[in-house]
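Participant: My questions will all concern the structure given below.
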Amino acid sequence: MIGSTWILAIQQVALDHPVAVFAAVMMILLLAPIVFERLRVPGMVGLIAAGILLGPHGLRVFTDNTTFKLLGTVGLLYLMFLAGLEINADDFRANRRGSLVFGGLTFLLPLMVGATSARLVLPAFTWPQAILLASMFASHTLLPHPIASRLGLARHRAVVTAVGGTLLTDTAALLVLAVIAQMTVARLTPGFLLRQILLLAVLVAAVLRGLPRLGAWFFRRAEPDGPAEFSFVIASVFLAAVAALLVGVEAIIGAFLAGLAFSALVPERGVLRNRLEFVGHALFIPFFLLEVGMLVNPGLLARDWAAWRVALYMSATVTATKWLAARITAKGLRYSSAEGGLLFGLSVNQAAATLAAVLVGRTIGLFDDAILNGTVLMILVTCILGPWMTERCGRRVAELQARTPPVWPPRSGRVLAAVGSPAGAGPVLDLALLLAPDEDAGICALHVIQEGPDEKTAIAAADRILGSAIVRGAAGGARVEGLSRLEPSAAHGIVHAAREQRASTIVMGWSDRSAPRILLFRSLLEQVLAGAPEQTVLVGRWIHPLGTSRRLQAIFPPLVEQQAGFDEAVHTLRILARGTGTSLSLLSSPSLHTRLQALLAEASPEAKREVGWSPWSSLYADLTPPPREDDLLVLVSARRTQAAWGTALERLPSQLARRYPRNNLLLLFPATAAEPASPSSPMAPPAPGRPSPDGLASRCARSALIDWTGELAAALHLLLSRALGASPAAAHIVHDLLSSEMIELAPGIVLLHTHTAETDNALLLLATGAIATAAGGDGVARMLIVWVSPYSDPPERHLAVLADLARMIQRPARVEQFLQAGSSSTLEQLLAEILSPHAVSAPGAQRDPAGPEPLADGPADATAPV
């Protein structure tokens with residue numbers, strides 16, 4: 001008696017207690033996939049089989065249909081949400097033709113064949129019944145999508161085509177369901193069709209346009225990577241699903257649209273994306289698979305042969321038509337047979353829309369129990385066939401993809417993330433996660449401890465900072481190694497660690513938004529750039545999370561394309577745009593347009609990009625078009641040894657930081673080639689006995705001289721107009737000169753210089769008289785020397801000319817003699833005297849062998865208009 005009581009009590013606990021039920025479910029979620037994968041059957045099939053065996057029509061271990069239906073519905077919506085989240089905007093645009101073709105075929109073929117065959121196989125069916133039954137064949141559920149993601153095929157063209165086709169065919173099938181239901185219960189009118197189409201268009205626009213803006217606003221204000229971000233995304237998904245129900249379509253459409261909307265806000269390799277995928281694959285989606293299995297009633301199928309006949313017809317029809325649609329699409333789009341099989345495996349599965357259609361049809365009296373049971377068996381057959389085909393063909397596609405050389409060469413090496421404080425470690429790690437070539441390459445988080453009396457305290461702090469960095473990397477699904485170094489300076493530590501770790505990319509950050517702090521920071525940056533020429537260096541200022549950026553606005557200075565690492569820099573920009581889901585807006589010179597377009601089109605033909613141009617000097621005023629607050633500004637800069645470098649470019653980051661304090665700003669320094677100069681190289685030393693081509697005479701193609709009394713700006717405008725004429729280039733050079741630092745070579749003698757892309761010729765300009773300026777003893781300079789060199793000259797030559805000028809001006813007696821003269825002829829004689837030590841023309845210089853080209857037509861009157 002006591003024993004039987006205990007047995008009854010145990011049975012009661014095992015069958016009814018929620019803790020015991022949940023424990024049993026967790027054990028099934030753990031063991032069923034493992035056992036079936038050992039049998040070379042997809043783990044999803046194991047979960048469906050477990051639902052059949054333990055459900056209300058089997059051993060009745062799980063009898064609470066309400067709970068499982070709730071969690072199963074959540075799992076289905078989560079599955080559709082993750083499918084949309086995996087789609088990148090560029091991928092969707094690149095495969096939109098395939099999605100339209102496949103979506104049309106996989107809807108129309110099953111609909112037409114199914115409706116016609118239903119009238120033949122089931123003679124009692126009317127046309128509304130036959131069309132509604134065929135619409136169940138036309139729809140499908142992306143049940144095996146997690147298998148494709150696990151194989152690394154989430155962004156493969158066949159998978160993106162299948163996902164895009166799913167959106168089209170499920171929407172069309174659900175519209176057919178709404179129309180048939182309206183015809184059955186009431187009169188169908190054109191107003192009803194128009195209303196459904198308009199409501200669906202409003203839903204799509206509201207979710208795809210409104211949700212990204214709302215999400216960006218929330219993410220900028222929420223705690224980064226906190227629980228509020230996860231809760232916000234999940235709440236938004238289910239609110240979008242509710243909105244879909246309100247407009248008369250299934251909730252899966254709203255969940256899928258929400259995934260598309262969040263794909264640009266949730267970076268692919270970030271903490272939030274990893275959390276969303278983990279919760280879905282580990283908990284909610286398995287509940288959906290269990291619920292599908294629990295719908296099958298083996299006993300009823302054994303007694304009702306009509307259900308078997310209907311099930312065989314439905315399973316054969318959906319399999320044949322889906323295979324035919326995938327085959328025709330693969331042939332038309334020139335996909336391989338494996339890609340065609342992958343399309344079929346992803347699209348043959350019946351679940352969500354099929355269940356909705358059969359339940360609605362049974363409610364309004366169009367379907368009986370035989371159709372319901374046949375539908376459940378069809379769902380079981382297709383949900384076993386689909387994952388099996390996806391696994392089989394997906395592996396072949398993945399192997400073929402691994403053997404195919406990529407358009408861009410793979411990024412080699414590791415990413416070194418230099419973290420200095422817990423607050424700044426997060427954005428640096430997020431950027432490193434986007435740039436890491438793959439999970440196996442890894443990320444090295446570096447914290448440099450400067451030698452000093454507080455070493456022990458700093459070492460303890462370093463352990464905490466690196467620990468948080470490692471945890472953040474693991475949450476983002478990447479392997480992060482922590483490294484601390486004791487060095488005399490932070491720059492030494494970063495450079496040495498980059499070499500030892502064989503890093504190809506260095507990521508750094510600055511934390512203060514003010515220009516003085518940025519200038520101080522750049523002294524550290526310049527040391528890193530000089531010591532790490534073979535690494536791409538990125539330096540970021542983050543105001544908002546990277547994922548909230550809507551457009552990446554890249555700025556290319558003149559001649560930046562001459563750097564050895566330019567192609568890799570463009571590749572880095574494409575990775576950033578792809579990882580953050582942003583469009584590309586490129587600001588460059590017209591000469592660079594063609595190359596940029598070719599590089600981007602080669603890697604991603606349909607990528608959304610805007611290529612604009614404005615004069616380089618206009619950046620000192622404002623960017624055109626002006627950036628929005630959600631723009632990520634990226635300046636592709638240059639190191640001092642590169643042709644693109646100049647003082648104006650060196651000042652530009654600070655100016656951009658002050659001008660756009662609410663924008664994320666990123667500096668990208670491409671790697672440089674460490675090759676020795678060849679004898680024919682412009683950097684090669686001159687042959688013995690030959691004057692240096694870096695001399696003034698060899699570099700000066702044009703000159704101008706005036707006698708001037710008045711303001712400095714007016715003198716510069718007159719000098720440049722004499723040299724270049726009334727052109728926008730002259731005004732831009734004047735702006736550069738006025739923005740540069742004036743150098744006093746001797747009492748009363750001042751020098752202004754710039755390295756610019758506004759002219760192809762070097763300019764040596766000279767003015768004497770009384771020039772009002774703060775430099776010089778009493779604020780008036782007696783001589784103004786202006787040196788302008790084109791960007792085609794390396795920075796070393798520009799600096800060499802400045803050194804020549806400084807040496808010549810060290811002859812005070814000679815200079816004083818010319819200053820006391822004041823006539824035009826004497827000024828020309830002075831200019832020739834300055835150029836005479838290097839009267840040798842450089843190869844290709846177009847100038848009169850007798851001397852520089854005099855452009856001045858006589859002394860200028862101080863009151864003459866400029």
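Going by the structure tokens order, chains are called A, B, ..., each with residues numbered from 1, while ligands are numbered from 1 in the order shown.
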Could you pull the residues within 7 Å of Asn95 (chain A), counting only C-alpha atoms, minus those fewer than 6 positions along the same chain, as a list in words?
Facilitator: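 In the requested format, the answer is Arg157, Val160 and Thr161 of chain A.
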Participant: Extract, using only C-alpha atoms, all DNA, RNA and protein residues at most 9 Å from Ala173 (chain A), discarding same-chain residues fewer than 3 positions from it, and format them as a JSON list (two decimals) with N, CA, C and O atoms, in the first residue's frame.
Facilitator:
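selection-v3.json, written as the output of this step:
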```
[["chain", "number", "residue", "atom", "x", "y", "z"],
["A", 107, "PHE", "N", 6.48, 29.90, -55.30],
["A", 107, "PHE", "CA", 5.08, 30.17, -54.94],
["A", 107, "PHE", "C", 4.14, 29.72, -56.06],
["A", 107, "PHE", "O", 3.16, 29.00, -55.80],
["A", 111, "LEU", "N", 1.50, 26.38, -56.23],
["A", 111, "LEU", "CA", 0.10, 26.84, -56.21],
["A", 111, "LEU", "C", -0.67, 26.29, -57.43],
["A", 111, "LEU", "O", -1.77, 25.75, -57.28],
["A", 132, "LEU", "N", -6.74, 26.88, -51.46],
["A", 132, "LEU", "CA", -6.24, 27.01, -50.10],
["A", 132, "LEU", "C", -5.27, 25.88, -49.77],
["A", 132, "LEU", "O", -4.22, 26.11, -49.14],
["A", 135, "SER", "N", -2.00, 26.65, -51.49],
["A", 135, "SER", "CA", -1.24, 27.72, -50.84],
["A", 135, "SER", "C", -0.40, 27.19, -49.69],
["A", 135, "SER", "O", 0.64, 27.76, -49.36],
["A", 136, "MET", "N", -0.84, 26.08, -49.08],
["A", 136, "MET", "CA", -0.03, 25.44, -48.05],
["A", 136, "MET", "C", 1.24, 24.86, -48.65],
["A", 136, "MET", "O", 2.30, 24.87, -48.03],
["A", 137, "PHE", "N", 1.17, 24.34, -49.87],
["A", 137, "PHE", "CA", 2.37, 23.85, -50.55],
["A", 137, "PHE", "C", 3.31, 25.01, -50.91],
["A", 137, "PHE", "O", 4.53, 24.84, -50.91],
["A", 138, "ALA", "N", 2.73, 26.15, -51.25],
["A", 138, "ALA", "CA", 3.53, 27.27, -51.73],
["A", 138, "ALA", "C", 4.38, 27.89, -50.62],
["A", 138, "ALA", "O", 5.49, 28.36, -50.86],
["A", 139, "SER", "N", 3.87, 27.92, -49.42],
["A", 139, "SER", "CA", 4.62, 28.53, -48.32],
["A", 139, "SER", "C", 5.69, 27.56, -47.82],
["A", 139, "SER", "O", 5.69, 26.38, -48.14],
["A", 168, "LEU", "N", 8.80, 36.59, -49.74],
["A", 168, "LEU", "CA", 7.82, 36.81, -50.79],
["A", 168, "LEU", "C", 6.74, 35.73, -50.80],
["A", 168, "LEU", "O", 5.55, 36.02, -50.84],
["A", 169, "THR", "N", 7.16, 34.47, -50.76],
["A", 169, "THR", "CA", 6.19, 33.38, -50.90],
["A", 169, "THR", "C", 5.30, 33.26, -49.67],
["A", 169, "THR", "O", 4.10, 32.98, -49.79],
["A", 170, "ASP", "N", 5.84, 33.44, -48.47],
["A", 170, "ASP", "CA", 4.99, 33.36, -47.28],
["A", 170, "ASP", "C", 3.99, 34.50, -47.23],
["A", 170, "ASP", "O", 2.83, 34.30, -46.84],
["A", 176, "VAL", "N", -3.29, 34.84, -49.88],
["A", 176, "VAL", "CA", -4.26, 33.89, -50.44],
["A", 176, "VAL", "C", -5.18, 33.36, -49.35],
["A", 176, "VAL", "O", -6.40, 33.24, -49.54],
["A", 177, "LEU", "N", -4.60, 33.03, -48.20],
["A", 177, "LEU", "CA", -5.40, 32.55, -47.07],
["A", 177, "LEU", "C", -6.44, 33.58, -46.66],
["A", 177, "LEU", "O", -7.61, 33.25, -46.43],
["A", 178, "ALA", "N", -6.01, 34.86, -46.58],
["A", 178, "ALA", "CA", -6.96, 35.91, -46.18],
["A", 178, "ALA", "C", -8.08, 36.06, -47.22],
["A", 178, "ALA", "O", -9.25, 36.24, -46.86],
["A", 353, "ALA", "N", 3.30, 28.86, -41.77],
["A", 353, "ALA", "CA", 2.15, 29.28, -42.58],
["A", 353, "ALA", "C", 1.25, 28.10, -42.92],
["A", 353, "ALA", "O", 0.03, 28.26, -43.06],
["A", 357, "ALA", "N", -2.71, 27.96, -42.19],
["A", 357, "ALA", "CA", -3.71, 27.76, -43.24],
["A", 357, "ALA", "C", -4.64, 26.59, -42.93],
["A", 357, "ALA", "O", -5.86, 26.69, -43.10]]
```
Participant: Write out as a PyMOL selection string each polymer residue whose atoms come within 10 Å of Thr319 (chain A), counting only C-alpha atoms; drop sequence neighbours fewer than 3 positions from it.
Facilitator: chain A and resi 110+137+313-316+322-324+344-345+347-349+378+381-382+385-386
Participant: Output all heavy atoms of each residue in that selection to a file, as a compact mmCIF listing (two decimals), in the first residue's frame.
Facilitator:
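Contents of selection_8.txt, freshly written:
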```txt
# COMPACT_ATOMS: atom_id res chain seq x y z
N PRO A 110 4.06 25.47 -56.96
CA PRO A 110 3.23 24.66 -56.05
C PRO A 110 1.76 25.08 -56.06
O PRO A 110 0.87 24.23 -55.92
CB PRO A 110 3.87 24.89 -54.68
CG PRO A 110 5.27 25.31 -54.97
CD PRO A 110 5.18 26.09 -56.23
N PHE A 137 1.17 24.34 -49.87
CA PHE A 137 2.37 23.85 -50.55
C PHE A 137 3.31 25.01 -50.91
O PHE A 137 4.53 24.84 -50.91
CB PHE A 137 2.00 23.10 -51.84
CG PHE A 137 1.03 21.98 -51.66
CD1 PHE A 137 0.21 21.57 -52.69
CD2 PHE A 137 0.92 21.32 -50.43
CE1 PHE A 137 -0.68 20.52 -52.54
CE2 PHE A 137 0.02 20.27 -50.26
CZ PHE A 137 -0.79 19.88 -51.30
N TYR A 313 -0.14 12.22 -50.83
CA TYR A 313 -0.34 13.16 -51.93
C TYR A 313 0.29 14.52 -51.61
O TYR A 313 1.01 15.10 -52.46
CB TYR A 313 -1.84 13.33 -52.21
CG TYR A 313 -2.18 14.62 -52.87
CD1 TYR A 313 -1.82 14.85 -54.20
CD2 TYR A 313 -2.85 15.63 -52.17
CE1 TYR A 313 -2.11 16.06 -54.81
CE2 TYR A 313 -3.15 16.82 -52.78
CZ TYR A 313 -2.78 17.05 -54.10
OH TYR A 313 -3.07 18.24 -54.69
N MET A 314 0.03 15.04 -50.41
CA MET A 314 0.54 16.36 -50.05
C MET A 314 2.08 16.34 -49.99
O MET A 314 2.73 17.27 -50.49
CB MET A 314 -0.05 16.79 -48.71
CG MET A 314 -1.55 17.00 -48.73
SD MET A 314 -2.25 17.40 -47.10
CE MET A 314 -1.58 19.03 -46.83
N SER A 315 2.66 15.31 -49.37
CA SER A 315 4.12 15.25 -49.24
C SER A 315 4.77 15.14 -50.62
O SER A 315 5.79 15.80 -50.90
CB SER A 315 4.52 14.06 -48.37
OG SER A 315 3.98 14.17 -47.07
N ALA A 316 4.20 14.30 -51.51
CA ALA A 316 4.77 14.13 -52.84
C ALA A 316 4.66 15.42 -53.65
O ALA A 316 5.60 15.82 -54.36
CB ALA A 316 4.08 12.98 -53.57
N LYS A 322 8.60 21.95 -54.99
CA LYS A 322 9.69 22.71 -54.40
C LYS A 322 11.03 22.34 -55.04
O LYS A 322 11.89 23.20 -55.27
CB LYS A 322 9.75 22.48 -52.88
CG LYS A 322 8.58 23.07 -52.11
CD LYS A 322 8.60 24.59 -52.15
CE LYS A 322 7.51 25.19 -51.29
NZ LYS A 322 7.48 26.66 -51.32
N TRP A 323 11.21 21.04 -55.35
CA TRP A 323 12.45 20.63 -56.01
C TRP A 323 12.52 21.23 -57.41
O TRP A 323 13.57 21.70 -57.85
CB TRP A 323 12.50 19.10 -56.09
CG TRP A 323 13.73 18.60 -56.80
CD1 TRP A 323 14.95 18.35 -56.27
CD2 TRP A 323 13.83 18.30 -58.20
NE1 TRP A 323 15.81 17.91 -57.25
CE2 TRP A 323 15.15 17.87 -58.45
CE3 TRP A 323 12.92 18.35 -59.27
CZ2 TRP A 323 15.60 17.50 -59.71
CZ3 TRP A 323 13.38 17.99 -60.53
CH2 TRP A 323 14.70 17.57 -60.74
N LEU A 324 11.40 21.23 -58.12
CA LEU A 324 11.39 21.79 -59.47
C LEU A 324 11.68 23.29 -59.45
O LEU A 324 12.45 23.80 -60.29
CB LEU A 324 10.03 21.52 -60.11
CG LEU A 324 9.89 21.92 -61.59
CD1 LEU A 324 10.90 21.17 -62.44
CD2 LEU A 324 8.46 21.66 -62.07
N PHE A 344 16.66 23.83 -52.27
CA PHE A 344 15.56 22.90 -52.01
C PHE A 344 15.46 22.54 -50.54
O PHE A 344 14.37 22.52 -49.96
CB PHE A 344 15.75 21.65 -52.85
CG PHE A 344 14.81 20.52 -52.51
CD1 PHE A 344 13.45 20.64 -52.73
CD2 PHE A 344 15.30 19.35 -51.94
CE1 PHE A 344 12.59 19.61 -52.40
CE2 PHE A 344 14.45 18.32 -51.61
CZ PHE A 344 13.09 18.44 -51.84
N GLY A 345 16.58 22.25 -49.90
CA GLY A 345 16.57 21.89 -48.48
C GLY A 345 16.04 22.99 -47.59
O GLY A 345 15.37 22.72 -46.58
N SER A 347 13.82 25.28 -48.57
CA SER A 347 12.47 25.72 -48.92
C SER A 347 11.41 24.63 -48.87
O SER A 347 10.23 24.93 -49.04
CB SER A 347 12.49 26.33 -50.33
OG SER A 347 12.90 25.37 -51.28
N VAL A 348 11.79 23.38 -48.65
CA VAL A 348 10.80 22.31 -48.66
C VAL A 348 10.07 22.19 -47.33
O VAL A 348 8.99 21.58 -47.25
CB VAL A 348 11.48 20.97 -49.03
CG1 VAL A 348 12.33 20.45 -47.87
CG2 VAL A 348 10.45 19.95 -49.46
N ASN A 349 10.59 22.76 -46.27
CA ASN A 349 10.04 22.57 -44.93
C ASN A 349 8.70 23.29 -44.76
O ASN A 349 8.57 24.47 -45.10
CB ASN A 349 11.02 23.10 -43.88
CG ASN A 349 12.44 22.63 -44.14
OD1 ASN A 349 12.85 21.59 -43.67
ND2 ASN A 349 13.20 23.42 -44.89
N MET A 378 2.64 15.58 -43.34
CA MET A 378 3.45 16.28 -44.33
C MET A 378 4.50 17.17 -43.66
O MET A 378 5.66 17.24 -44.10
CB MET A 378 2.56 17.12 -45.25
CG MET A 378 3.32 17.90 -46.30
SD MET A 378 2.30 19.11 -47.20
CE MET A 378 1.97 20.31 -45.90
N VAL A 381 7.29 14.90 -42.48
CA VAL A 381 8.15 14.41 -43.57
C VAL A 381 9.07 15.52 -44.09
O VAL A 381 10.27 15.31 -44.27
CB VAL A 381 7.27 13.85 -44.72
CG1 VAL A 381 8.12 13.54 -45.95
CG2 VAL A 381 6.53 12.61 -44.25
N THR A 382 8.51 16.70 -44.34
CA THR A 382 9.33 17.79 -44.89
C THR A 382 10.33 18.32 -43.88
O THR A 382 11.43 18.74 -44.24
CB THR A 382 8.43 18.93 -45.39
OG1 THR A 382 7.59 19.39 -44.30
CG2 THR A 382 7.55 18.47 -46.53
N LEU A 385 13.14 15.84 -44.15
CA LEU A 385 13.84 15.92 -45.43
C LEU A 385 14.64 17.22 -45.56
O LEU A 385 15.79 17.20 -46.05
CB LEU A 385 12.81 15.81 -46.56
CG LEU A 385 13.34 15.95 -47.98
CD1 LEU A 385 14.34 14.84 -48.29
CD2 LEU A 385 12.19 15.95 -49.00
N GLY A 386 14.06 18.35 -45.15
CA GLY A 386 14.72 19.64 -45.32
C GLY A 386 16.06 19.74 -44.60
O GLY A 386 17.08 20.06 -45.22
```
Participant: Would you kindly return, as a PyMOL selection string, each protein, DNA or RNA residue with an atom no farther than 7 Å from any atom of region 414-429 of chain A, considering only C-alpha atoms and excluding same-chain residues fewer than 5 positions away?
Facilitator: chain A and resi 436+441-447+465+469+498+502-509+511+542
Participant: Give me, as a PyMOL selection string, all polymer residues having an atom no more than 12 Å from Val179 (chain A), counting only C-alpha atoms and skipping those fewer than 5 positions away in the same chain.
Facilitator: chain A and resi 128+131-132+135+172-174+184-197+248-249+357+360-361
Participant: Near Cys393 (chain A), within 8 Å and counting only C-alpha atoms, which residues show up once chain neighbours fewer than 2 positions away are dropped, as an MDAnalysis selection string?
Facilitator: chainID A and resid 338:339 341:342 389:391 395:397
Participant: Which is closer to His57 (chain A) than all the others in A:Ile785, A:Leu431, A:Leu295, A:Ala598, using only C-alpha atoms?
Facilitator: A:Leu295
Participant: In terms of the shortest atom-to-atom distance over only C-alpha atoms, which of A:Arg96, A:Arg303, A:Arg209, A:His17 is closest to Val61 (chain A)?
Facilitator: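 Using only C-alpha atoms, Val61 (chain A) sits closest to A:His17.
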Participant: Considering only C-alpha atoms, can you say which of A:Glu711, A:Leu720, A:Leu400, A:Asp225 comes closest to Thr773 (chain A)?
Facilitator: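 Of the candidates, the smallest distance to Thr773 (chain A) is held by A:Glu711.
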Participant: Excluding Val207 (chain A) and its own-chain neighbours fewer than 4 positions away, which residues fall within 8 Å of it when counting only C-alpha atoms? Please give them as a list in words.
Facilitator: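 With the cut-off at 8 Å, the set is Leu203, Leu211, Pro212, Ala240, Gly254, Leu257, Ala258 and Ala261 of chain A.
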Participant: I'd like to know which of A:Val19, A:Leu133, A:Leu289, A:Ile749 is closest to Met44 (chain A), using only C-alpha atoms.
Facilitator: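 Checking each of A:Val19, A:Leu133, A:Leu289, A:Ile749 against Met44 (chain A), counting only C-alpha atoms, the winner is A:Leu289.
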Participant: Give the answer as one residue: which of A:Leu434, A:Val266, A:Ala726, A:Ala530 has the shortest atom-to-atom distance to Ser549 (chain A), using only C-alpha atoms?
Facilitator: A:Val266
